[in-house]
$ cat entry.txt   # compact mmCIF, C-alpha atoms
# COMPACT_ATOMS: atom_id res chain seq x y z
CA MET P 279 -7.88 -4.47 -7.94
CA SER P 280 -9.31 -4.56 -4.44
CA ALA P 281 -9.82 -6.95 -1.57
CA GLU P 282 -11.86 -7.11 1.58
CA PHE P 283 -11.36 -9.28 4.63
CA ILE P 284 -13.75 -11.61 6.41
CA SER P 285 -13.46 -13.07 9.90
CA VAL P 286 -15.81 -15.32 11.88
CA SER P 287 -17.62 -14.24 15.05
CA PHE P 288 -17.51 -16.44 18.11
CA PRO P 289 -19.87 -16.10 21.11
CA ASN P 290 -17.36 -17.33 23.71
CA ALA P 291 -13.71 -18.23 24.24
CA SER P 292 -14.04 -21.85 23.10
CA ASN P 293 -11.81 -22.59 20.10
CA ASP P 294 -10.23 -25.49 18.22
CA LEU P 295 -7.17 -25.57 20.47
CA ASN P 296 -9.02 -25.22 23.76
CA PRO P 297 -12.60 -26.38 23.19
CA ILE P 298 -15.18 -25.78 25.91
CA PRO P 299 -18.06 -28.23 25.35
CA ASP P 300 -21.47 -26.53 25.32
CA ALA P 301 -20.02 -23.20 26.42
CA PRO P 302 -22.69 -20.52 26.92
CA VAL P 303 -22.66 -17.11 25.31
CA ASP P 304 -20.14 -14.79 26.94
CA PRO P 305 -21.51 -11.30 26.16
CA HIS P 306 -18.31 -9.55 27.22
CA TYR P 307 -16.16 -11.79 25.04
CA LEU P 308 -18.44 -11.32 22.03
CA GLU P 309 -18.38 -7.54 22.47
CA ARG P 310 -14.58 -7.45 22.84
CA TYR P 311 -14.06 -9.74 19.86
CA SER P 312 -16.47 -7.80 17.64
CA ARG P 313 -14.85 -4.46 18.47
CA ALA P 314 -11.40 -5.89 17.78
CA LEU P 315 -12.49 -6.97 14.30
CA ASP P 316 -13.89 -3.50 13.68
CA ASP P 317 -10.83 -1.73 15.03
CA TYR P 318 -8.32 -3.84 13.08
CA GLY P 319 -9.97 -3.28 9.73
CA PHE P 320 -11.93 -6.43 8.93
CA ASN P 321 -14.73 -5.68 6.50
CA TYR P 322 -17.06 -8.62 7.27
CA THR P 323 -17.58 -11.27 9.89
CA LEU P 324 -19.40 -14.55 9.28
CA ILE P 325 -22.03 -15.58 11.81
CA PRO P 326 -21.87 -19.38 11.41
CA TYR P 327 -24.61 -21.97 11.82
CA SER P 328 -24.93 -25.61 12.81
CA SER P 329 -27.82 -27.64 14.19
CA SER P 330 -26.47 -27.27 17.74
CA SER P 331 -25.19 -23.69 17.58
CA PHE P 332 -26.54 -20.32 18.69
CA ASP P 333 -29.09 -18.38 16.67
CA PRO P 334 -27.11 -16.40 14.04
CA PHE P 335 -29.66 -13.58 13.81
CA THR P 336 -29.34 -12.82 17.53
CA ILE P 337 -25.55 -13.11 17.53
CA GLY P 338 -25.42 -10.99 14.39
CA ALA P 339 -27.58 -8.28 15.94
CA THR P 340 -25.26 -8.18 18.96
CA VAL P 341 -22.18 -7.82 16.75
CA LEU P 342 -23.83 -4.96 14.86
CA ALA P 343 -24.77 -3.21 18.09
CA HIS P 344 -21.15 -3.16 19.25
CA THR P 345 -19.50 -2.12 15.97
CA LYS P 346 -19.49 0.80 13.58
CA THR P 347 -18.38 -0.40 10.14
CA ILE P 348 -18.02 -4.17 9.92
CA LYS P 349 -20.73 -6.07 8.03
CA ILE P 350 -22.18 -9.36 9.21
CA ILE P 351 -22.66 -12.41 6.98
CA VAL P 352 -25.57 -14.41 8.39
CA ALA P 353 -25.28 -18.12 7.58
CA LEU P 354 -28.71 -19.46 6.69
CA ARG P 355 -30.00 -22.96 6.00
CA PRO P 356 -33.28 -22.83 4.06
CA ASN P 357 -34.83 -25.58 6.17
CA THR P 358 -34.62 -23.49 9.35
CA VAL P 359 -36.58 -20.30 8.54
CA TYR P 360 -39.48 -19.77 6.13
CA PRO P 361 -38.28 -17.42 3.36
CA THR P 362 -40.86 -14.67 3.93
CA VAL P 363 -39.84 -14.56 7.60
CA ALA P 364 -36.14 -14.53 6.73
CA ALA P 365 -36.69 -11.70 4.24
CA LYS P 366 -38.14 -9.50 7.00
CA SER P 367 -35.59 -10.57 9.64
CA LEU P 368 -32.63 -9.83 7.39
CA ALA P 369 -34.09 -6.53 6.21
CA THR P 370 -34.79 -5.51 9.82
CA LEU P 371 -31.15 -6.15 10.77
CA ASP P 372 -30.08 -4.29 7.64
CA GLN P 373 -32.14 -1.23 8.51
CA LEU P 374 -30.95 -1.24 12.13
CA SER P 375 -27.32 -1.36 11.00
CA GLY P 376 -27.53 1.06 8.09
CA GLY P 377 -26.96 -1.59 5.43
CA ARG P 378 -24.40 -3.88 7.06
CA VAL P 379 -25.94 -7.29 6.33
CA VAL P 380 -25.07 -10.10 3.91
CA VAL P 381 -26.71 -13.55 3.84
CA HIS P 382 -24.75 -16.74 3.09
CA PHE P 383 -26.73 -19.80 2.03
CA ILE P 384 -25.88 -23.32 3.17
CA ALA P 385 -27.76 -25.95 1.17
CA GLY P 386 -26.47 -28.62 3.57
CA GLY P 387 -23.62 -31.02 2.83
CA SER P 388 -24.45 -33.73 5.37
CA ASP P 389 -27.67 -35.74 5.35
CA ASP P 390 -27.16 -36.56 9.04
CA GLU P 391 -26.71 -32.92 10.03
CA GLN P 392 -29.80 -31.88 8.07
CA ALA P 393 -31.87 -34.68 9.62
CA ARG P 394 -31.13 -33.33 13.11
CA GLU P 395 -33.51 -30.50 12.34
CA GLY P 396 -36.08 -32.50 10.43
CA ASP P 397 -34.75 -31.96 6.90
CA PHE P 398 -34.86 -35.22 4.92
CA PHE P 399 -34.53 -33.91 1.38
CA ASN P 400 -31.65 -35.23 -0.69
CA LYS P 401 -28.84 -33.02 -1.91
CA GLU P 402 -30.42 -32.27 -5.29
CA GLU P 403 -33.68 -31.29 -3.60
CA ARG P 404 -31.85 -29.09 -1.09
CA TYR P 405 -30.26 -27.11 -3.91
CA GLU P 406 -33.59 -26.81 -5.75
CA ARG P 407 -35.15 -25.49 -2.56
CA GLN P 408 -32.29 -23.04 -2.08
CA GLU P 409 -32.85 -21.63 -5.56
CA GLU P 410 -36.55 -21.04 -4.83
CA TYR P 411 -35.61 -19.45 -1.50
CA ILE P 412 -33.21 -16.96 -3.08
CA ARG P 413 -35.77 -15.96 -5.70
CA ILE P 414 -38.38 -15.39 -2.98
CA LEU P 415 -36.04 -13.17 -0.94
CA ARG P 416 -35.23 -11.01 -3.94
CA GLN P 417 -38.89 -10.59 -4.82
CA ALA P 418 -39.83 -9.87 -1.19
CA TRP P 419 -37.23 -7.11 -1.03
CA THR P 420 -38.20 -5.47 -4.31
CA SER P 421 -41.91 -6.08 -4.95
CA LYS P 422 -44.13 -3.12 -4.13
CA GLU P 423 -47.23 -5.19 -4.67
CA PRO P 424 -48.37 -8.41 -2.95
CA PHE P 425 -47.27 -11.49 -4.89
CA ASP P 426 -47.94 -15.22 -5.04
CA PHE P 427 -45.38 -17.98 -5.22
CA ASP P 428 -46.17 -21.47 -6.41
CA GLY P 429 -42.99 -23.52 -6.34
CA LYS P 430 -42.08 -27.10 -5.58
CA TYR P 431 -41.02 -26.27 -2.02
CA TYR P 432 -42.77 -23.01 -1.17
CA GLN P 433 -46.29 -21.83 -1.88
CA PHE P 434 -48.01 -18.72 -0.59
CA LYS P 435 -50.46 -16.05 -1.73
CA GLN P 436 -50.42 -12.27 -1.62
CA PHE P 437 -47.31 -11.75 0.48
CA ARG P 438 -45.90 -8.26 0.75
CA SER P 439 -43.13 -7.00 2.99
CA ALA P 440 -42.99 -3.41 4.20
CA VAL P 441 -39.47 -4.05 5.55
CA ARG P 442 -36.99 -3.20 2.80
CA PRO P 443 -33.19 -3.42 2.86
CA THR P 444 -31.38 -0.13 3.26
CA ASN P 445 -29.83 -0.24 -0.20
CA GLY P 446 -32.62 -2.06 -2.01
CA LEU P 447 -31.17 -5.56 -1.82
CA ILE P 448 -29.06 -7.56 0.61
CA PRO P 449 -26.06 -9.27 -1.02
CA ILE P 450 -26.52 -13.03 -1.34
CA SER P 451 -23.60 -15.41 -0.94
CA VAL P 452 -23.56 -19.04 -2.04
CA GLY P 453 -20.86 -21.61 -1.35
CA GLY P 454 -19.96 -25.12 -2.41
CA SER P 455 -18.01 -27.21 -4.88
CA SER P 456 -20.73 -29.24 -6.58
CA ASP P 457 -22.25 -28.67 -10.02
CA ALA P 458 -25.47 -27.48 -8.38
CA ALA P 459 -23.57 -25.00 -6.20
CA TYR P 460 -21.72 -23.56 -9.20
CA ARG P 461 -24.98 -23.26 -11.14
CA ILE P 462 -26.99 -21.52 -8.41
CA GLY P 463 -24.16 -19.37 -7.14
CA GLY P 464 -23.03 -18.44 -10.61
CA SER P 465 -26.52 -17.50 -11.74
CA LEU P 466 -27.94 -15.91 -8.56
CA GLY P 467 -25.19 -14.97 -6.09
CA GLU P 468 -23.42 -11.67 -5.57
CA ILE P 469 -20.71 -13.64 -3.74
CA PHE P 470 -19.43 -17.21 -4.15
CA GLY P 471 -17.54 -18.83 -1.26
CA LEU P 472 -14.70 -21.34 -1.76
CA TRP P 473 -12.49 -23.20 0.69
CA GLY P 474 -8.74 -22.76 0.39
CA GLU P 475 -7.49 -25.00 -2.41
CA PRO P 476 -4.22 -24.68 -4.37
CA LEU P 477 -4.07 -21.93 -6.96
CA ALA P 478 -4.62 -24.23 -9.95
CA GLU P 479 -7.75 -25.81 -8.46
CA THR P 480 -9.05 -22.43 -7.31
CA LYS P 481 -8.61 -21.02 -10.80
CA GLN P 482 -10.62 -23.94 -12.22
CA GLN P 483 -13.43 -23.32 -9.75
CA ILE P 484 -13.52 -19.60 -10.50
CA GLU P 485 -13.80 -20.36 -14.21
CA ARG P 486 -16.71 -22.72 -13.53
CA ILE P 487 -18.53 -20.04 -11.54
CA TYR P 488 -17.95 -17.39 -14.20
CA ALA P 489 -19.13 -19.80 -16.91
CA GLU P 490 -22.40 -20.39 -15.04
CA ALA P 491 -22.87 -16.64 -14.64
CA ALA P 492 -22.43 -16.16 -18.39
CA LYS P 493 -24.77 -19.07 -19.15
CA ALA P 494 -27.44 -17.39 -17.01
CA GLY P 495 -27.11 -14.22 -19.08
CA ARG P 496 -25.46 -12.14 -16.39
CA THR P 497 -23.38 -9.14 -17.39
CA ASP P 498 -21.65 -9.16 -14.01
CA ARG P 499 -19.91 -11.91 -12.04
CA PRO P 500 -20.08 -13.06 -8.44
CA ARG P 501 -17.31 -11.84 -6.19
CA ILE P 502 -15.03 -14.70 -5.12
CA TRP P 503 -14.56 -15.45 -1.43
CA VAL P 504 -11.71 -17.82 -0.42
CA THR P 505 -11.16 -19.08 3.14
CA PHE P 506 -7.91 -19.92 4.96
CA ARG P 507 -6.76 -20.69 8.50
CA PRO P 508 -3.40 -18.85 8.77
CA ILE P 509 -0.78 -19.91 11.32
CA VAL P 510 1.52 -16.92 11.68
CA ALA P 511 4.69 -16.20 13.65
CA GLU P 512 7.56 -13.73 13.44
CA THR P 513 9.57 -15.88 11.00
CA ASP P 514 8.76 -18.77 8.67
CA GLU P 515 10.75 -21.15 10.87
CA LEU P 516 8.85 -20.17 14.01
CA ALA P 517 5.56 -20.40 12.13
CA TRP P 518 6.26 -24.00 11.08
CA GLU P 519 7.14 -24.92 14.66
CA LYS P 520 3.86 -23.35 15.76
CA ALA P 521 1.98 -25.15 12.99
CA HIS P 522 3.11 -28.56 14.22
CA ARG P 523 2.08 -27.66 17.77
CA VAL P 524 -1.37 -26.69 16.44
CA LEU P 525 -1.58 -29.97 14.51
CA ASP P 526 -0.68 -32.03 17.58
CA ARG P 527 -3.38 -30.26 19.58
CA LEU P 528 -6.00 -30.80 16.86
CA LYS P 529 -5.20 -34.51 16.72
CA ASP P 530 -5.24 -34.83 20.50
CA ASN P 531 -8.58 -33.04 20.83
CA ARG P 532 -10.14 -35.22 18.16
CA GLU P 533 -8.93 -38.39 19.88
CA LYS P 534 -10.51 -37.13 23.10
CA GLY P 535 -13.83 -36.57 21.33
CA LEU P 536 -13.54 -32.78 21.58
CA HIS P 537 -13.84 -32.13 17.85
CA ARG P 538 -17.03 -32.12 15.82
CA ALA P 539 -15.64 -34.96 13.65
CA PRO P 540 -15.08 -37.96 15.99
CA PRO P 541 -12.22 -40.37 15.23
CA SER P 542 -14.70 -42.91 13.84
CA ALA P 543 -16.36 -40.44 11.45
CA PRO P 544 -16.65 -41.67 7.85
CA ARG P 545 -15.33 -39.72 4.89
CA PRO P 546 -17.53 -36.59 4.51
CA ALA P 547 -20.35 -36.72 1.97
CA ASN P 548 -20.02 -33.14 0.71
CA VAL P 549 -17.96 -32.49 -2.41
CA GLY P 550 -15.95 -29.63 -0.87
CA SER P 551 -14.55 -31.78 1.94
CA GLN P 552 -13.86 -34.65 -0.46
CA ARG P 553 -11.86 -32.31 -2.67
CA LEU P 554 -9.79 -31.14 0.30
CA LEU P 555 -9.02 -34.72 1.36
CA ASP P 556 -8.04 -35.68 -2.19
CA ILE P 557 -5.66 -32.72 -2.40
CA ALA P 558 -4.23 -33.59 1.03
CA ALA P 559 -3.44 -37.09 -0.25
CA ARG P 560 -1.19 -35.52 -2.90
CA GLY P 561 1.07 -33.78 -0.38
CA ASP P 562 1.29 -31.62 2.70
CA VAL P 563 2.38 -28.28 1.23
CA HIS P 564 1.05 -26.62 -1.93
CA ASP P 565 2.11 -23.39 -3.63
CA ARG P 566 3.87 -20.96 -1.27
CA ALA P 567 2.52 -21.99 2.10
CA LEU P 568 -0.82 -23.80 1.80
CA TRP P 569 -0.70 -26.60 4.38
CA TYR P 570 -3.03 -29.61 4.35
CA PRO P 571 -2.30 -31.78 7.43
CA THR P 572 -4.94 -29.73 9.29
CA VAL P 573 -7.43 -31.07 6.73
CA THR P 574 -6.70 -34.74 7.43
CA ALA P 575 -6.45 -34.14 11.18
CA THR P 576 -10.03 -32.83 11.23
CA ASN P 577 -11.52 -35.04 8.49
CA ALA P 578 -11.95 -31.90 6.36
CA SER P 579 -14.63 -30.67 8.74
CA GLY P 580 -15.34 -27.28 7.25
CA ALA P 581 -12.77 -24.70 6.21
CA THR P 582 -9.56 -26.36 7.38
CA THR P 583 -6.67 -25.44 5.07
CA ALA P 584 -3.89 -23.46 6.72
CA LEU P 585 -1.44 -20.89 5.42
CA VAL P 586 1.82 -21.12 7.37
CA GLY P 587 4.56 -18.52 7.60
CA SER P 588 5.67 -15.08 8.59
CA PRO P 589 3.30 -12.15 7.97
CA ARG P 590 5.15 -11.47 4.71
CA THR P 591 4.83 -15.07 3.49
CA ILE P 592 1.14 -15.24 4.33
CA ALA P 593 0.45 -11.82 2.79
CA ASP P 594 2.22 -12.86 -0.41
CA SER P 595 0.19 -16.09 -0.48
CA ILE P 596 -3.06 -14.14 -0.12
CA LEU P 597 -1.96 -11.74 -2.88
CA ASP P 598 -1.51 -14.75 -5.18
CA TYR P 599 -5.22 -15.50 -4.75
CA ILE P 600 -6.18 -11.86 -5.23
CA ASP P 601 -4.17 -11.86 -8.48
CA LEU P 602 -6.19 -14.94 -9.47
CA GLY P 603 -9.51 -13.14 -9.01
CA ALA P 604 -10.46 -13.56 -5.35
CA ASP P 605 -11.39 -10.27 -3.73
CA LEU P 606 -12.93 -11.49 -0.48
CA ILE P 607 -10.41 -13.20 1.78
CA SER P 608 -11.62 -15.00 4.88
CA ILE P 609 -8.97 -15.63 7.53
CA ARG P 610 -9.73 -17.16 10.89
CA GLY P 611 -7.31 -18.87 13.21
CA TYR P 612 -7.19 -21.60 15.80
CA ASP P 613 -6.80 -19.21 18.75
CA ASN P 614 -9.69 -17.05 17.63
CA PHE P 615 -9.24 -13.72 19.40
CA ASN P 616 -5.43 -13.58 19.48
CA ASP P 617 -5.13 -14.74 15.88
CA ALA P 618 -7.63 -12.12 14.70
CA VAL P 619 -5.59 -9.40 16.42
CA ASP P 620 -2.36 -10.71 14.85
CA TYR P 621 -3.95 -10.76 11.41
CA GLY P 622 -5.23 -7.21 11.84
CA ARG P 623 -1.86 -5.93 13.04
CA TYR P 624 0.52 -7.76 10.74
CA ILE P 625 -1.20 -9.32 7.70
CA LEU P 626 -4.02 -7.04 6.56
CA PRO P 627 -1.72 -3.98 6.23
CA LEU P 628 0.79 -5.96 4.13
CA VAL P 629 -1.89 -7.26 1.78
CA ARG P 630 -3.38 -3.79 1.34
CA GLU P 631 0.11 -2.40 0.71
CA GLY P 632 0.66 -5.08 -1.94
CA ILE P 633 -2.60 -4.14 -3.65
CA ARG P 634 -1.59 -0.46 -3.70
CA GLU P 635 1.79 -1.36 -5.22
CA ARG P 636 0.07 -3.38 -7.95
CA GLU P 637 -2.27 -0.50 -8.74
CA GLU P 638 0.61 1.98 -8.93
CA ALA P 639 2.54 -0.37 -11.23
CA LYS P 640 -0.50 -0.63 -13.54
CA LYS P 641 -0.83 3.16 -13.69
CA LYS P 642 2.85 3.56 -14.55
CA ALA P 643 2.63 0.86 -17.22
CA ALA P 644 -0.39 2.59 -18.75
CA ALA P 645 1.22 6.07 -18.70

$ encode --input "entry.txt" --output "structure tokens"
Amino acid sequence: MSAEFISVSFPNASNDLNPIPDAPVDPHYLERYSRALDDYGFNYTLIPYSSSSFDPFTIGATVLAHTKTIKIIVALRPNTVYPTVAAKSLATLDQLSGGRVVVHFIAGGSDDEQAREGDFFNKEERYERQEEYIRILRQAWTSKEPFDFDGKYYQFKQFRSAVRPTNGLIPISVGGSSDAAYRIGGSLGEIFGLWGEPLAETKQQIERIYAEAAKAGRTDRPRIWVTFRPIVAETDELAWEKAHRVLDRLKDNREKGLHRAPPSAPRPANVGSQRLLDIAARGDVHDRALWYPTVTATNASGATTALVGSPRTIADSILDYIDLGADLISIRGYDNFNDAVDYGRYILPLVREGIREREEAKKKAAA
């Protein structure tokens, strides 16, 4: 049993509680934030992407330059970079960092968001294109000879890259909750990313992913990545008081038009967000401390499920998911820098202690 922790890198002090519209990069903030993640024991940090956001390759390179051990997960939409170019860019970052790069694919859940950058394929086509893209990357990283590719979405002749990843391949992550996502991620991904759903629903999704891996003839399985937005305080009671303050601020910011999902936004088109909203309709609290009002307050705009409680409660909740089969745990807060520091100080050590205790108990049982 093992687990690694993922955060998200932010280029400035803007956050969900105190948004700063169109804030520029703050190099000093990014450096401080990146070093804090490294110092407090996070293993990975996601470099996110949207049509209006900063270039993730540049932000990722900056994070790598200021850190020693943390790996970056570059979010990549296939419509934005030709695959042969991406293969070289990712491998260049990987060489510069000594093998600290992962790539996370976003097929695109919103037709409107995709159209902002000239992508008018439907969802099925976007997933087909993503599958071609992943196959091209793998071949570009491993082929010693020039090769041709004649697919539905990409065609080229005699491409060869002299820029190889440090360890032969760069891990590929796929996310989503649709049949196509399960199929591609299960068959081709080293990592599969899920949003924070209750334990029963998460178990069902993991089984779907593993089934697709087996169907593809794999002898291994993708690692499971689950994402939460913890709201932590010294005690459970104080954490719930804090959670309701966070919720009020999220609602207020959305009413003021300071959230990416305006008050008039329709129900999201992507399956993952629809699942979150359907679960939210069943109740506010699930399992130990999984809290869903943050989902409805933001129209399920991305990873929005909270874990609420003391460090012990949140650590125990995370251990429930690790017991279920998740071994990559993404935790990001609403006050980005301060929450990351709190997680590193108070939650990560408890989870790692819980894993050690489980391992020791297994050894004793086997003796």

$ atom_distance --input "entry.txt" --atom1 "atom CA of Ile448 of chain P" --atom2 "atom CA of Ile348 of chain P"
14.8 Å

$ closest_residue --input "entry.txt" --among "P:Glu512, P:Lys346, P:Asp372, P:Ile412" --to "Phe320 of chain P" --atoms "all atoms listed in the file"
P:Lys346

$ residues_around --input "entry.txt" --residues "segment 313-318 of chain P" --least-positions-apart "4" --cutoff "9 Å" --atoms "all atoms listed in the file" --output "list of chain:residue names"
P:Ser285, P:Ser287, P:Leu308, P:Glu309, P:Tyr322, P:Thr323, P:Val341, P:His344, P:Thr345, P:Lys346, P:Thr347, P:Ile348, P:Phe615, P:Ala618, P:Val619, P:Tyr621, P:Gly622, P:Arg623, P:Leu626

$ residues_near_point --input "entry.txt" --point "(-16.9, -41.5, 9.5)" --cutoff "12 Å" --atoms "all atoms listed in the file" --output "PyMOL selection string"
chain P and resi 388+390+538-547+576-579

$ write_last_selection --input "entry.txt" --atoms "C-alpha atoms" --output "short mmCIF file (atom, residue, chain, number, x, y, z; two decimals), keeping the file's coordinate frame"
data_model
loop_
_atom_site.label_atom_id
_atom_site.label_comp_id
_atom_site.auth_asym_id
_atom_site.auth_seq_id
_atom_site.Cartn_x
_atom_site.Cartn_y
_atom_site.Cartn_z
CA SER P 388 -24.45 -33.73 5.37
CA ASP P 390 -27.16 -36.56 9.04
CA ARG P 538 -17.03 -32.12 15.82
CA ALA P 539 -15.64 -34.96 13.65
CA PRO P 540 -15.08 -37.96 15.99
CA PRO P 541 -12.22 -40.37 15.23
CA SER P 542 -14.70 -42.91 13.84
CA ALA P 543 -16.36 -40.44 11.45
CA PRO P 544 -16.65 -41.67 7.85
CA ARG P 545 -15.33 -39.72 4.89
CA PRO P 546 -17.53 -36.59 4.51
CA ALA P 547 -20.35 -36.72 1.97
CA THR P 576 -10.03 -32.83 11.23
CA ASN P 577 -11.52 -35.04 8.49
CA ALA P 578 -11.95 -31.90 6.36
CA SER P 579 -14.63 -30.67 8.74
#

$ atom_distance --input "entry.txt" --atom1 "atom CA of Thr591 of chain P" --atom2 "atom CA of Ala643 of chain P"
26.2 Å

$ atom_distance --input "entry.txt" --atom1 "atom CA of Leu585 of chain P" --atom2 "atom CA of Thr572 of chain P"
10.3 Å
